[in-house]
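So this one's coords.cif, mmCIF, C-alpha atoms:
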data_work
#
loop_
_atom_site.label_atom_id
_atom_site.label_comp_id
_atom_site.auth_asym_id
_atom_site.auth_seq_id
_atom_site.Cartn_x
_atom_site.Cartn_y
_atom_site.Cartn_z
CA MET A 27 60.90 -46.77 -23.44
CA ASN A 28 57.81 -47.91 -21.65
CA ARG A 29 59.03 -46.34 -18.44
CA LYS A 30 59.59 -43.05 -20.25
CA MET A 31 56.11 -43.13 -21.67
CA ASP A 32 54.70 -44.02 -18.28
CA ARG A 33 56.48 -41.09 -16.74
CA ARG A 34 55.19 -38.75 -19.47
CA GLY A 35 51.73 -40.19 -19.00
CA PHE A 36 51.94 -39.66 -15.26
CA LEU A 37 53.14 -36.08 -15.66
CA ALA A 38 50.38 -35.32 -18.15
CA SER A 39 47.81 -36.85 -15.85
CA ALA A 40 49.11 -34.90 -12.85
CA LEU A 41 49.03 -31.69 -14.86
CA LEU A 42 45.45 -32.32 -15.92
CA THR A 43 44.49 -33.01 -12.32
CA LEU A 44 46.06 -29.74 -11.22
CA LEU A 45 44.30 -27.84 -14.00
CA ALA A 46 40.98 -29.44 -13.12
CA ALA A 47 41.47 -28.54 -9.45
CA ALA A 48 42.30 -24.96 -10.37
CA ALA A 49 39.26 -24.71 -12.63
CA SER A 50 37.07 -26.16 -9.92
CA ALA A 51 38.43 -23.63 -7.40
CA VAL A 52 37.62 -20.78 -9.79
CA ARG A 53 34.15 -22.18 -10.41
CA ALA A 54 33.38 -22.47 -6.71
CA GLU A 55 34.44 -18.90 -5.95
CA GLY A 56 31.55 -16.85 -4.64
CA GLY A 57 29.09 -19.67 -5.01
CA GLY A 58 29.19 -23.42 -4.58
CA ARG A 59 26.53 -25.61 -3.10
CA ASP A 60 23.81 -23.81 -1.23
CA PRO A 61 23.70 -25.31 2.30
CA GLY A 62 19.97 -24.69 2.60
CA THR A 63 18.84 -26.17 -0.68
CA GLY A 64 21.70 -28.37 -1.81
CA ILE A 65 21.56 -26.72 -5.23
CA ASP A 66 24.89 -25.93 -6.82
CA VAL A 67 24.62 -22.29 -7.73
CA GLY A 68 28.16 -22.02 -9.05
CA ARG A 69 29.34 -18.45 -9.29
CA THR A 70 25.86 -17.00 -9.42
CA SER A 71 24.93 -14.37 -6.91
CA ARG A 72 21.76 -14.34 -4.88
CA LYS A 73 19.92 -11.10 -4.66
CA ARG A 74 16.62 -10.79 -2.86
CA ALA A 75 14.06 -10.74 -5.66
CA ALA A 76 11.22 -8.30 -6.13
CA TYR A 77 7.59 -9.27 -6.70
CA TRP A 78 6.93 -12.36 -4.65
CA LYS A 79 4.82 -13.23 -1.66
CA GLU A 80 5.06 -15.72 1.14
CA LEU A 81 2.27 -18.28 1.11
CA ALA A 82 0.43 -19.31 4.24
CA GLY A 83 0.39 -22.88 5.47
CA MET B 24 10.47 -23.08 9.36
CA SER B 25 10.86 -22.18 5.68
CA SER B 26 7.70 -21.52 3.73
CA SER B 27 6.57 -21.68 0.16
CA VAL B 28 6.45 -18.50 -1.87
CA GLN B 29 4.76 -17.33 -5.03
CA CYS B 30 6.65 -15.35 -7.63
CA VAL B 31 4.33 -12.71 -9.08
CA LEU B 32 6.75 -11.22 -11.58
CA CYS B 33 5.28 -12.94 -14.63
CA PRO B 34 1.96 -14.57 -15.53
CA HIS B 35 3.25 -18.06 -14.71
CA ALA B 36 2.86 -17.13 -11.03
CA CYS B 37 5.08 -20.03 -9.95
CA VAL B 38 4.47 -21.41 -6.46
CA LEU B 39 7.81 -22.56 -5.09
CA GLU B 40 8.63 -24.81 -2.19
CA PRO B 41 11.96 -24.13 -0.44
CA GLY B 42 14.75 -25.11 -2.82
CA GLN B 43 12.58 -24.90 -5.92
CA ARG B 44 13.13 -22.55 -8.84
CA GLY B 45 10.58 -20.95 -11.11
CA ARG B 46 10.02 -21.98 -14.70
CA CYS B 47 12.66 -19.41 -15.64
CA GLY B 48 15.30 -21.43 -13.76
CA VAL B 49 16.84 -18.30 -12.25
CA ARG B 50 14.53 -17.39 -9.36
CA LEU B 51 14.82 -19.61 -6.32
CA ASN B 52 12.96 -20.05 -3.06
CA SER B 53 15.93 -19.93 -0.72
CA GLY B 54 14.79 -20.59 2.83
CA GLY B 55 11.39 -18.96 2.35
CA GLU B 56 12.73 -15.96 0.48
CA LEU B 57 12.73 -15.52 -3.31
CA VAL B 58 16.17 -14.70 -4.69
CA SER B 59 17.52 -13.97 -8.13
CA LEU B 60 20.43 -16.20 -9.09
CA VAL B 61 21.58 -13.95 -11.93
CA TYR B 62 21.80 -10.46 -10.47
CA GLY B 63 24.99 -8.82 -11.78
CA ARG B 64 25.96 -12.00 -13.61
CA PRO B 65 25.46 -11.56 -17.37
CA VAL B 66 26.53 -14.39 -19.65
CA ALA B 67 26.54 -12.32 -22.85
CA VAL B 68 27.93 -8.80 -23.11
CA HIS B 69 28.44 -7.09 -26.49
CA VAL B 70 28.46 -3.72 -28.20
CA ASP B 71 25.86 -3.88 -30.99
CA PRO B 72 24.43 -1.48 -33.54
CA VAL B 73 20.95 -0.40 -32.45
CA GLU B 74 19.69 -1.82 -35.75
CA LYS B 75 20.45 -5.32 -34.46
CA LYS B 76 17.86 -5.11 -31.66
CA PRO B 77 16.07 -4.40 -34.09
CA LEU B 78 15.18 -0.75 -33.58
CA LEU B 79 15.10 1.25 -36.80
CA HIS B 80 13.41 4.42 -35.53
CA PHE B 81 15.51 4.94 -32.42
CA MET B 82 18.80 6.81 -32.62
CA PRO B 83 19.87 5.14 -35.90
CA GLY B 84 23.54 4.35 -36.28
CA SER B 85 24.18 4.41 -32.53
CA ASP B 86 25.99 1.75 -30.51
CA VAL B 87 24.27 -0.14 -27.73
CA PHE B 88 25.90 -1.86 -24.77
CA SER B 89 23.95 -5.11 -24.75
CA LEU B 90 23.74 -7.75 -22.06
CA ALA B 91 21.85 -10.83 -20.96
CA THR B 92 21.86 -13.28 -18.12
CA ALA B 93 20.89 -16.92 -18.42
CA GLY B 94 17.22 -17.84 -18.33
CA CYS B 95 13.84 -17.18 -19.90
CA ASN B 96 10.23 -17.58 -18.82
CA LEU B 97 9.16 -18.89 -22.23
CA ARG B 98 10.20 -22.08 -24.00
CA CYS B 99 9.94 -21.21 -27.69
CA ASP B 100 10.73 -24.18 -29.91
CA PHE B 101 12.44 -21.82 -32.38
CA CYS B 102 14.58 -19.89 -29.89
CA GLN B 103 17.62 -18.39 -31.61
CA ASN B 104 19.54 -17.99 -28.33
CA TRP B 105 18.51 -21.21 -26.65
CA GLU B 106 22.04 -22.04 -25.47
CA ILE B 107 21.75 -19.26 -22.90
CA SER B 108 18.01 -18.65 -22.63
CA GLN B 109 17.24 -22.25 -21.76
CA ALA B 110 20.32 -22.75 -19.59
CA LEU B 111 20.56 -22.72 -15.83
CA PRO B 112 22.80 -19.98 -14.47
CA GLU B 113 25.36 -22.43 -13.11
CA ASP B 114 25.74 -24.01 -16.56
CA VAL B 115 27.05 -20.89 -18.32
CA PRO B 116 30.09 -19.06 -16.97
CA PRO B 117 29.01 -15.53 -16.09
CA TYR B 118 30.82 -12.22 -15.98
CA ASP B 119 30.85 -10.37 -12.68
CA LEU B 120 29.25 -7.08 -13.71
CA PRO B 121 27.33 -5.12 -11.09
CA PRO B 122 25.16 -2.25 -12.39
CA GLU B 123 27.80 0.40 -11.67
CA LYS B 124 30.25 -1.49 -13.90
CA VAL B 125 27.66 -1.80 -16.67
CA ILE B 126 27.34 1.98 -16.82
CA GLU B 127 31.11 2.43 -16.69
CA HIS B 128 31.66 0.00 -19.56
CA ALA B 129 28.86 1.47 -21.65
CA GLU B 130 30.43 4.90 -21.37
CA GLU B 131 33.92 3.54 -21.95
CA TYR B 132 32.76 1.94 -25.22
CA GLY B 133 31.02 5.12 -26.38
CA CYS B 134 27.52 3.64 -26.24
CA SER B 135 24.52 5.92 -25.95
CA SER B 136 22.20 3.17 -24.74
CA ILE B 137 22.10 -0.05 -22.76
CA ALA B 138 20.02 -2.95 -24.05
CA TYR B 139 18.62 -5.74 -21.90
CA THR B 140 18.34 -8.36 -24.56
CA TYR B 141 19.35 -11.75 -26.08
CA THR B 142 17.51 -13.88 -23.50
CA GLU B 143 14.63 -12.33 -21.50
CA PRO B 144 15.14 -9.27 -19.32
CA VAL B 145 11.93 -10.06 -17.45
CA VAL B 146 13.70 -12.88 -15.63
CA PHE B 147 16.64 -10.67 -14.68
CA TYR B 148 14.22 -7.97 -13.64
CA GLU B 149 16.06 -6.62 -10.57
CA TYR B 150 19.33 -6.33 -12.49
CA THR B 151 17.59 -4.59 -15.41
CA LEU B 152 15.82 -2.16 -13.09
CA ASP B 153 18.96 -1.20 -11.16
CA CYS B 154 21.01 -0.80 -14.34
CA ALA B 155 18.24 1.23 -15.97
CA ARG B 156 17.99 3.63 -13.02
CA LEU B 157 21.74 4.25 -13.03
CA ALA B 158 21.82 4.58 -16.80
CA ARG B 159 19.09 7.23 -16.69
CA GLU B 160 21.07 9.17 -14.08
CA ALA B 161 24.15 8.95 -16.32
CA GLY B 162 22.25 10.24 -19.35
CA LEU B 163 22.19 6.90 -21.16
CA SER B 164 19.08 5.45 -22.77
CA ASN B 165 17.60 2.07 -21.91
CA ILE B 166 16.37 -0.46 -24.43
CA LEU B 167 14.27 -3.51 -23.61
CA VAL B 168 14.20 -6.40 -26.07
CA THR B 169 11.57 -8.69 -24.69
CA ALA B 170 8.83 -11.20 -25.30
CA GLY B 171 6.74 -9.07 -22.97
CA TYR B 172 5.62 -11.90 -20.68
CA ILE B 173 5.43 -9.90 -17.47
CA ASN B 174 2.75 -8.79 -15.03
CA GLN B 175 1.52 -5.21 -15.11
CA GLY B 176 2.76 -4.24 -11.62
CA PRO B 177 6.46 -4.90 -12.20
CA LEU B 178 6.20 -3.53 -15.72
CA ALA B 179 4.76 -0.27 -14.38
CA GLU B 180 7.78 0.10 -12.10
CA LEU B 181 10.27 -0.57 -14.89
CA ALA B 182 8.64 1.19 -17.84
CA PRO B 183 9.40 4.79 -16.82
CA TYR B 184 13.11 4.02 -17.23
CA ILE B 185 12.77 2.35 -20.62
CA ASP B 186 13.27 4.65 -23.60
CA ALA B 187 12.71 2.09 -26.33
CA ALA B 188 11.52 -1.48 -26.62
CA ASN B 189 11.31 -4.10 -29.26
CA VAL B 190 8.62 -6.55 -28.22
CA ASP B 191 8.46 -9.96 -29.84
CA LEU B 192 4.84 -10.61 -30.78
CA LYS B 193 5.08 -14.23 -31.79
CA SER B 194 1.56 -14.72 -33.09
CA MET B 195 -2.00 -13.54 -32.59
CA SER B 196 -2.96 -17.09 -31.65
CA ASP B 197 -3.18 -17.99 -27.98
CA ARG B 198 -2.88 -21.63 -28.99
CA TYR B 199 0.44 -20.88 -30.71
CA TYR B 200 1.71 -19.23 -27.55
CA ARG B 201 0.67 -22.21 -25.45
CA GLU B 202 1.91 -24.94 -27.77
CA VAL B 203 5.06 -23.44 -29.29
CA CYS B 204 6.20 -20.96 -26.63
CA GLY B 205 4.88 -22.14 -23.27
CA GLY B 206 3.01 -18.91 -22.54
CA THR B 207 -0.19 -17.06 -23.37
CA LEU B 208 -0.99 -14.19 -25.71
CA GLN B 209 -2.94 -11.59 -23.73
CA PRO B 210 -0.18 -10.59 -21.27
CA VAL B 211 2.07 -9.80 -24.23
CA LEU B 212 -0.54 -7.55 -25.82
CA ASN B 213 -1.01 -5.84 -22.46
CA THR B 214 2.74 -5.23 -22.23
CA ILE B 215 2.95 -3.69 -25.68
CA MET B 216 0.14 -1.24 -24.94
CA ALA B 217 1.42 -0.44 -21.44
CA LEU B 218 4.88 0.38 -22.76
CA ARG B 219 3.37 2.64 -25.40
CA ASP B 220 1.19 4.34 -22.76
CA SER B 221 4.24 4.96 -20.57
CA GLY B 222 5.95 6.89 -23.38
CA THR B 223 8.39 4.17 -24.42
CA TRP B 224 9.17 4.06 -28.14
CA VAL B 225 7.90 0.63 -29.25
CA GLU B 226 8.72 -1.49 -32.27
CA ILE B 227 7.30 -4.97 -32.80
CA THR B 228 8.94 -8.08 -34.21
CA ASN B 229 7.17 -11.13 -35.55
CA LEU B 230 9.33 -14.17 -36.31
CA VAL B 231 7.68 -15.85 -39.28
CA VAL B 232 8.10 -19.61 -38.93
CA PRO B 233 7.27 -21.81 -41.93
CA THR B 234 4.17 -23.97 -41.44
CA LEU B 235 3.54 -22.60 -37.93
CA ASN B 236 2.60 -18.92 -38.30
CA ASP B 237 3.44 -18.03 -41.90
CA ASP B 238 -0.06 -18.12 -43.32
CA PRO B 239 -1.09 -14.70 -44.71
CA GLU B 240 -4.03 -14.88 -42.31
CA ASP B 241 -1.60 -15.07 -39.38
CA THR B 242 0.73 -12.30 -40.48
CA GLY B 243 -2.26 -10.21 -41.57
CA ALA B 244 -4.04 -10.61 -38.22
CA LEU B 245 -0.91 -9.42 -36.47
CA ALA B 246 -0.53 -6.37 -38.71
CA SER B 247 -4.19 -5.60 -38.19
CA TRP B 248 -3.78 -5.69 -34.39
CA VAL B 249 -0.78 -3.37 -34.57
CA LEU B 250 -2.66 -0.94 -36.79
CA GLU B 251 -5.78 -0.88 -34.63
CA ASN B 252 -4.11 -0.79 -31.23
CA MET B 253 -0.76 0.90 -31.75
CA GLY B 254 -1.38 3.04 -34.80
CA ARG B 255 0.05 3.24 -38.28
CA ASP B 256 3.37 4.72 -37.16
CA THR B 257 4.48 1.72 -35.08
CA PRO B 258 7.26 -0.11 -36.91
CA LEU B 259 6.60 -3.80 -37.52
CA HIS B 260 9.42 -6.22 -38.36
CA TYR B 261 8.71 -9.53 -40.06
CA SER B 262 11.77 -11.52 -39.19
CA ARG B 263 13.20 -14.53 -41.01
CA PHE B 264 13.35 -17.85 -39.17
CA PHE B 265 16.41 -20.08 -39.40
CA PRO B 266 16.36 -23.72 -38.25
CA MET B 267 17.25 -23.73 -34.58
CA TYR B 268 16.76 -25.49 -31.24
CA ARG B 269 13.76 -27.84 -31.54
CA LEU B 270 12.85 -26.81 -35.08
CA THR B 271 15.89 -27.90 -37.03
CA ASP B 272 13.69 -29.86 -39.42
CA LEU B 273 12.13 -26.71 -40.86
CA ALA B 274 13.60 -24.68 -43.71
CA PRO B 275 14.37 -20.97 -43.38
CA THR B 276 11.41 -18.70 -44.12
CA PRO B 277 11.15 -18.12 -47.87
CA LEU B 278 11.90 -14.49 -48.75
CA ASP B 279 8.69 -14.28 -50.78
CA THR B 280 6.66 -15.05 -47.65
CA LEU B 281 8.28 -12.16 -45.79
CA GLN B 282 7.92 -9.78 -48.73
CA GLN B 283 4.27 -10.68 -49.10
CA ALA B 284 3.58 -10.14 -45.41
CA ARG B 285 5.30 -6.74 -45.62
CA THR B 286 3.35 -5.68 -48.70
CA GLU B 287 0.03 -6.69 -47.16
CA ALA B 288 0.76 -4.89 -43.89
CA MET B 289 1.67 -1.72 -45.76
CA ASP B 290 -1.44 -2.04 -47.92
CA MET B 291 -3.47 -2.21 -44.70
CA GLY B 292 -2.07 1.16 -43.71
CA LEU B 293 1.03 0.58 -41.60
CA ASN B 294 3.68 3.15 -42.51
CA TYR B 295 6.82 1.29 -41.48
CA VAL B 296 7.08 -2.43 -42.13
CA TYR B 297 10.46 -4.10 -42.39
CA VAL B 298 11.93 -7.49 -43.24
CA GLY B 299 14.52 -8.60 -40.70
CA ASN B 300 17.22 -11.31 -40.66
CA ALA B 301 17.29 -11.18 -44.47
CA VAL B 302 18.39 -9.02 -47.36
CA THR B 303 15.39 -8.11 -49.51
CA PRO B 304 14.90 -5.16 -51.87
CA GLY B 305 13.78 -2.21 -49.74
CA GLY B 306 13.10 -4.47 -46.78
CA MET B 307 15.18 -2.32 -44.42
CA THR B 308 14.62 1.07 -46.05
CA THR B 309 12.67 3.80 -44.28
CA ARG B 310 10.61 5.95 -46.62
CA CYS B 311 8.59 9.05 -45.89
CA PRO B 312 4.94 7.98 -45.70
CA GLU B 313 3.88 11.34 -47.17
CA CYS B 314 6.12 11.80 -50.22
CA GLY B 315 7.87 8.41 -50.54
CA SER B 316 11.41 9.83 -50.31
CA VAL B 317 14.10 7.52 -48.98
CA LEU B 318 14.93 8.69 -45.47
CA ILE B 319 17.28 5.95 -44.28
CA GLU B 320 18.80 3.17 -46.30
CA ARG B 321 20.30 0.14 -44.58
CA GLU B 322 22.29 -2.83 -45.74
CA GLY B 323 22.94 -5.28 -42.98
CA TYR B 324 23.90 -2.98 -40.14
CA GLU B 325 25.30 -0.28 -42.44
CA VAL B 326 23.15 2.81 -42.15
CA ASP B 327 22.88 5.67 -44.62
CA ILE B 328 20.84 8.50 -43.09
CA ARG B 329 20.16 10.53 -46.20
CA GLY B 330 16.74 12.17 -46.12
CA ILE B 331 15.78 12.97 -42.54
CA SER B 332 16.86 15.77 -40.21
CA HIS B 333 15.61 16.35 -36.68
CA GLY B 334 12.80 13.87 -37.17
CA ALA B 335 11.42 15.42 -40.36
CA CYS B 336 11.58 14.47 -44.03
CA ASP B 337 14.11 16.64 -45.85
CA ASN B 338 11.91 16.68 -48.93
CA CYS B 339 8.42 17.46 -47.64
CA SER B 340 9.04 18.26 -43.95
CA ALA B 341 6.62 15.56 -42.79
CA SER B 342 7.24 14.50 -39.21
CA ILE B 343 8.61 10.94 -38.98
CA ALA B 344 7.71 8.87 -35.94
CA GLY B 345 10.65 7.80 -33.80
CA VAL B 346 13.43 9.04 -31.55
CA TRP B 347 16.00 10.54 -33.85
CA ASP B 348 18.37 12.76 -31.94
CA GLY B 349 18.00 11.66 -28.35
CA THR B 350 15.38 11.51 -25.66
CA GLU B 351 14.69 15.27 -25.87
CA ASP B 352 12.83 14.55 -29.13
CA ARG B 353 10.34 12.20 -27.50
#

What do you get writing this file as structure tokens?
Amino acid sequence: MNRKMDRRGFLASALLTLLAAAASAVRAEGGGRDPGTGIDVGRTSRKRAAYWKELAG
Amino acid sequence: MSSSVQCVLCPHACVLEPGQRGRCGVRLNSGGELVSLVYGRPVAVHVDPVEKKPLLHFMPGSDVFSLATAGCNLRCDFCQNWEISQALPEDVPPYDLPPEKVIEHAEEYGCSSIAYTYTEPVVFYEYTLDCARLAREAGLSNILVTAGYINQGPLAELAPYIDAANVDLKSMSDRYYREVCGGTLQPVLNTIMALRDSGTWVEITNLVVPTLNDDPEDTGALASWVLENMGRDTPLHYSRFFPMYRLTDLAPTPLDTLQQARTEAMDMGLNYVYVGNAVTPGGMTTRCPECGSVLIEREGYEVDIRGISHGACDNCSASIAGVWDGTEDR
């Protein structure tokens, strides 16, 4: 009985791990951690913005 | 070597070191270049009645393709959409919707307009501008629902594409803007007048929050500013507050407060004053300012256009301010 439950528990856990990995792969698509800033930008795009200026110094 | 940059889109004028974002959370100094993190990535996309914006004098009964990205440049304690306006873009799963797709979907759903709304279109400025240009080419109207916290330069570039706007005028008190919203008053007033001057149809909403800006002096000062600076034909909406975000300890605005504000504003001389977010007798009805005939009756988002044709009162032929049949009437 215990072994059966363990097996079911293991299968459930493995399934959850697979689902989490799949979700994480989807989330990282097109985004992920920005190598320059280290900020996780997820799936967001990065478009050069209007109305800004570079500051000297 | 990467340098710091200054965003000059809105009055905050954030100075950003590499890797830093502006107060909006969606504009990032990436290696010495400012980038938008939300271009083409809306987190809310819906088809709404135009009355929901609210716009009551702009193509009544029409459907509006409405979208928003994450982020806002204000921090209003009462925000009704705080789950997305105060979120970072990576915290809310976005749709992948470049401007071309926005136009396609709007047409597919039979919408005559596109609204940039729910959060704050100022912070997704580049996306709004590109969508608005394409929409204009496709014969669709553009609607801006905004708190108006933007600098005049970028507004001047965007305004020619905006057919109608509902601007949230939160108070006539600069202190209120600073303490409750994290902004300042004057830029908002400048935006309202600049939109009007550019030919955009403008309606104004004031969220009446109990104990914070519900004194008759507050609502009266706001009506007075609208009358003096925008004229008697500018619609003003007094909108009901519901407990939300950081103000869950306050009760909803009493209906009497809203009715009283409406009555006083109309007594001052404003022709079109409405009560929003609430059902009150006549609070959403448009009457002819000349003869008093009912022109449009509304219940919720149900619209009964009964006394107006081609922008004129059926009874006395008085001209009624607004955009009634399309942009050719402007």

Contacts of segment 337-348 of chain B at 9 Å or less, counting all atoms listed in the file, minus same-chain residues fewer than 3 places along, as a ChimeraX atom specification? /B:79-83,187,224-225,256-257,311-314,316,318,329-334,351-353

Take the selection from the previous step and output its residues with C-alpha atoms, as a PDB file, in the coordinates of the input.
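New file result-v3.pdb:
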ATOM      1  CA  LEU B  79      15.100   1.250 -36.800  1.00  0.00           C
ATOM      2  CA  HIS B  80      13.410   4.420 -35.530  1.00  0.00           C
ATOM      3  CA  PHE B  81      15.510   4.940 -32.420  1.00  0.00           C
ATOM      4  CA  MET B  82      18.800   6.810 -32.620  1.00  0.00           C
ATOM      5  CA  PRO B  83      19.870   5.140 -35.900  1.00  0.00           C
ATOM      6  CA  ALA B 187      12.710   2.090 -26.330  1.00  0.00           C
ATOM      7  CA  TRP B 224       9.170   4.060 -28.140  1.00  0.00           C
ATOM      8  CA  VAL B 225       7.900   0.630 -29.250  1.00  0.00           C
ATOM      9  CA  ASP B 256       3.370   4.720 -37.160  1.00  0.00           C
ATOM     10  CA  THR B 257       4.480   1.720 -35.080  1.00  0.00           C
ATOM     11  CA  CYS B 311       8.590   9.050 -45.890  1.00  0.00           C
ATOM     12  CA  PRO B 312       4.940   7.980 -45.700  1.00  0.00           C
ATOM     13  CA  GLU B 313       3.880  11.340 -47.170  1.00  0.00           C
ATOM     14  CA  CYS B 314       6.120  11.800 -50.220  1.00  0.00           C
ATOM     15  CA  SER B 316      11.410   9.830 -50.310  1.00  0.00           C
ATOM     16  CA  LEU B 318      14.930   8.690 -45.470  1.00  0.00           C
ATOM     17  CA  ARG B 329      20.160  10.530 -46.200  1.00  0.00           C
ATOM     18  CA  GLY B 330      16.740  12.170 -46.120  1.00  0.00           C
ATOM     19  CA  ILE B 331      15.780  12.970 -42.540  1.00  0.00           C
ATOM     20  CA  SER B 332      16.860  15.770 -40.210  1.00  0.00           C
ATOM     21  CA  HIS B 333      15.610  16.350 -36.680  1.00  0.00           C
ATOM     22  CA  GLY B 334      12.800  13.870 -37.170  1.00  0.00           C
ATOM     23  CA  GLU B 351      14.690  15.270 -25.870  1.00  0.00           C
ATOM     24  CA  ASP B 352      12.830  14.550 -29.130  1.00  0.00           C
ATOM     25  CA  ARG B 353      10.340  12.200 -27.500  1.00  0.00           C
TER      26      ARG B 353
END

Restrict the calculation to only C-alpha atoms, then for each residue of chain B with any atom at most 6 Å from an atom of chain A give the closest atom pair and their distance in Å to one decimal, rows by chain and rising residue number, as JSON lines.
{"residue": "B:Ser27", "atom": "CA", "partner": "A:Leu81", "partner_atom": "CA", "distance": 5.6}
{"residue": "B:Val28", "atom": "CA", "partner": "A:Glu80", "partner_atom": "CA", "distance": 4.3}
{"residue": "B:Gln29", "atom": "CA", "partner": "A:Lys79", "partner_atom": "CA", "distance": 5.3}
{"residue": "B:Cys30", "atom": "CA", "partner": "A:Trp78", "partner_atom": "CA", "distance": 4.2}
{"residue": "B:Val31", "atom": "CA", "partner": "A:Trp78", "partner_atom": "CA", "distance": 5.1}
{"residue": "B:Leu32", "atom": "CA", "partner": "A:Tyr77", "partner_atom": "CA", "distance": 5.3}
{"residue": "B:Gly42", "atom": "CA", "partner": "A:Thr63", "partner_atom": "CA", "distance": 4.7}
{"residue": "B:Leu57", "atom": "CA", "partner": "A:Ala75", "partner_atom": "CA", "distance": 5.5}
{"residue": "B:Val58", "atom": "CA", "partner": "A:Arg74", "partner_atom": "CA", "distance": 4.3}
{"residue": "B:Ser59", "atom": "CA", "partner": "A:Lys73", "partner_atom": "CA", "distance": 5.1}
{"residue": "B:Leu60", "atom": "CA", "partner": "A:Arg72", "partner_atom": "CA", "distance": 4.8}
{"residue": "B:Val61", "atom": "CA", "partner": "A:Thr70", "partner_atom": "CA", "distance": 5.8}
{"residue": "B:Glu113", "atom": "CA", "partner": "A:Gly68", "partner_atom": "CA", "distance": 4.9}

Okay, now the selection with C-alpha atoms, as a PDB file, in the frame of the given file?
ATOM      1  CA  SER B  27       6.570 -21.680   0.160  1.00  0.00           C
ATOM      2  CA  VAL B  28       6.450 -18.500  -1.870  1.00  0.00           C
ATOM      3  CA  GLN B  29       4.760 -17.330  -5.030  1.00  0.00           C
ATOM      4  CA  CYS B  30       6.650 -15.350  -7.630  1.00  0.00           C
ATOM      5  CA  VAL B  31       4.330 -12.710  -9.080  1.00  0.00           C
ATOM      6  CA  LEU B  32       6.750 -11.220 -11.580  1.00  0.00           C
ATOM      7  CA  GLY B  42      14.750 -25.110  -2.820  1.00  0.00           C
ATOM      8  CA  LEU B  57      12.730 -15.520  -3.310  1.00  0.00           C
ATOM      9  CA  VAL B  58      16.170 -14.700  -4.690  1.00  0.00           C
ATOM     10  CA  SER B  59      17.520 -13.970  -8.130  1.00  0.00           C
ATOM     11  CA  LEU B  60      20.430 -16.200  -9.090  1.00  0.00           C
ATOM     12  CA  VAL B  61      21.580 -13.950 -11.930  1.00  0.00           C
ATOM     13  CA  GLU B 113      25.360 -22.430 -13.110  1.00  0.00           C
TER      14      GLU B 113
END

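For the pair atom CA of Val73 of chain B and atom CA of Pro34 of chain B, the separation is 29.1 Å.
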
One decimal, in Å: what's the spacing between atom CA of Gly84 of chain B and atom CA of Glu127 of chain B? 21.1 Å

Assuming the chain letters and numbering stay as they are in my file, what does the PyMOL selection byres ((chain B and resi 300) around 12) actually select? List them as a ChimeraX atom specification. /B:74-77,103,228-231,260-265,275-278,281,297-299,301-303,306-307,322-324

Residues of the last selection are to be written out with C-alpha atoms, as a PDB file, in the frame of the given file.
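File produced: part-v1.pdb:
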ATOM      1  CA  GLU B  74      19.690  -1.820 -35.750  1.00  0.00           C
ATOM      2  CA  LYS B  75      20.450  -5.320 -34.460  1.00  0.00           C
ATOM      3  CA  LYS B  76      17.860  -5.110 -31.660  1.00  0.00           C
ATOM      4  CA  PRO B  77      16.070  -4.400 -34.090  1.00  0.00           C
ATOM      5  CA  GLN B 103      17.620 -18.390 -31.610  1.00  0.00           C
ATOM      6  CA  THR B 228       8.940  -8.080 -34.210  1.00  0.00           C
ATOM      7  CA  ASN B 229       7.170 -11.130 -35.550  1.00  0.00           C
ATOM      8  CA  LEU B 230       9.330 -14.170 -36.310  1.00  0.00           C
ATOM      9  CA  VAL B 231       7.680 -15.850 -39.280  1.00  0.00           C
ATOM     10  CA  HIS B 260       9.420  -6.220 -38.360  1.00  0.00           C
ATOM     11  CA  TYR B 261       8.710  -9.530 -40.060  1.00  0.00           C
ATOM     12  CA  SER B 262      11.770 -11.520 -39.190  1.00  0.00           C
ATOM     13  CA  ARG B 263      13.200 -14.530 -41.010  1.00  0.00           C
ATOM     14  CA  PHE B 264      13.350 -17.850 -39.170  1.00  0.00           C
ATOM     15  CA  PHE B 265      16.410 -20.080 -39.400  1.00  0.00           C
ATOM     16  CA  PRO B 275      14.370 -20.970 -43.380  1.00  0.00           C
ATOM     17  CA  THR B 276      11.410 -18.700 -44.120  1.00  0.00           C
ATOM     18  CA  PRO B 277      11.150 -18.120 -47.870  1.00  0.00           C
ATOM     19  CA  LEU B 278      11.900 -14.490 -48.750  1.00  0.00           C
ATOM     20  CA  LEU B 281       8.280 -12.160 -45.790  1.00  0.00           C
ATOM     21  CA  TYR B 297      10.460  -4.100 -42.390  1.00  0.00           C
ATOM     22  CA  VAL B 298      11.930  -7.490 -43.240  1.00  0.00           C
ATOM     23  CA  GLY B 299      14.520  -8.600 -40.700  1.00  0.00           C
ATOM     24  CA  ALA B 301      17.290 -11.180 -44.470  1.00  0.00           C
ATOM     25  CA  VAL B 302      18.390  -9.020 -47.360  1.00  0.00           C
ATOM     26  CA  THR B 303      15.390  -8.110 -49.510  1.00  0.00           C
ATOM     27  CA  GLY B 306      13.100  -4.470 -46.780  1.00  0.00           C
ATOM     28  CA  MET B 307      15.180  -2.320 -44.420  1.00  0.00           C
ATOM     29  CA  GLU B 322      22.290  -2.830 -45.740  1.00  0.00           C
ATOM     30  CA  GLY B 323      22.940  -5.280 -42.980  1.00  0.00           C
ATOM     31  CA  TYR B 324      23.900  -2.980 -40.140  1.00  0.00           C
TER      32      TYR B 324
END

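With the shown file loaded, the PyMOL selection byres ((chain B and resi 148-160) around 7) picks out A:Ala75, A:Ala76, B:Tyr62, B:Gly63, B:Pro122, B:Ile126, B:Tyr139, B:Pro144, B:Val145, B:Val146, B:Phe147, B:Ala161, B:Gly162, B:Leu163, B:Ser164, B:Asn165, B:Leu181, B:Tyr184.
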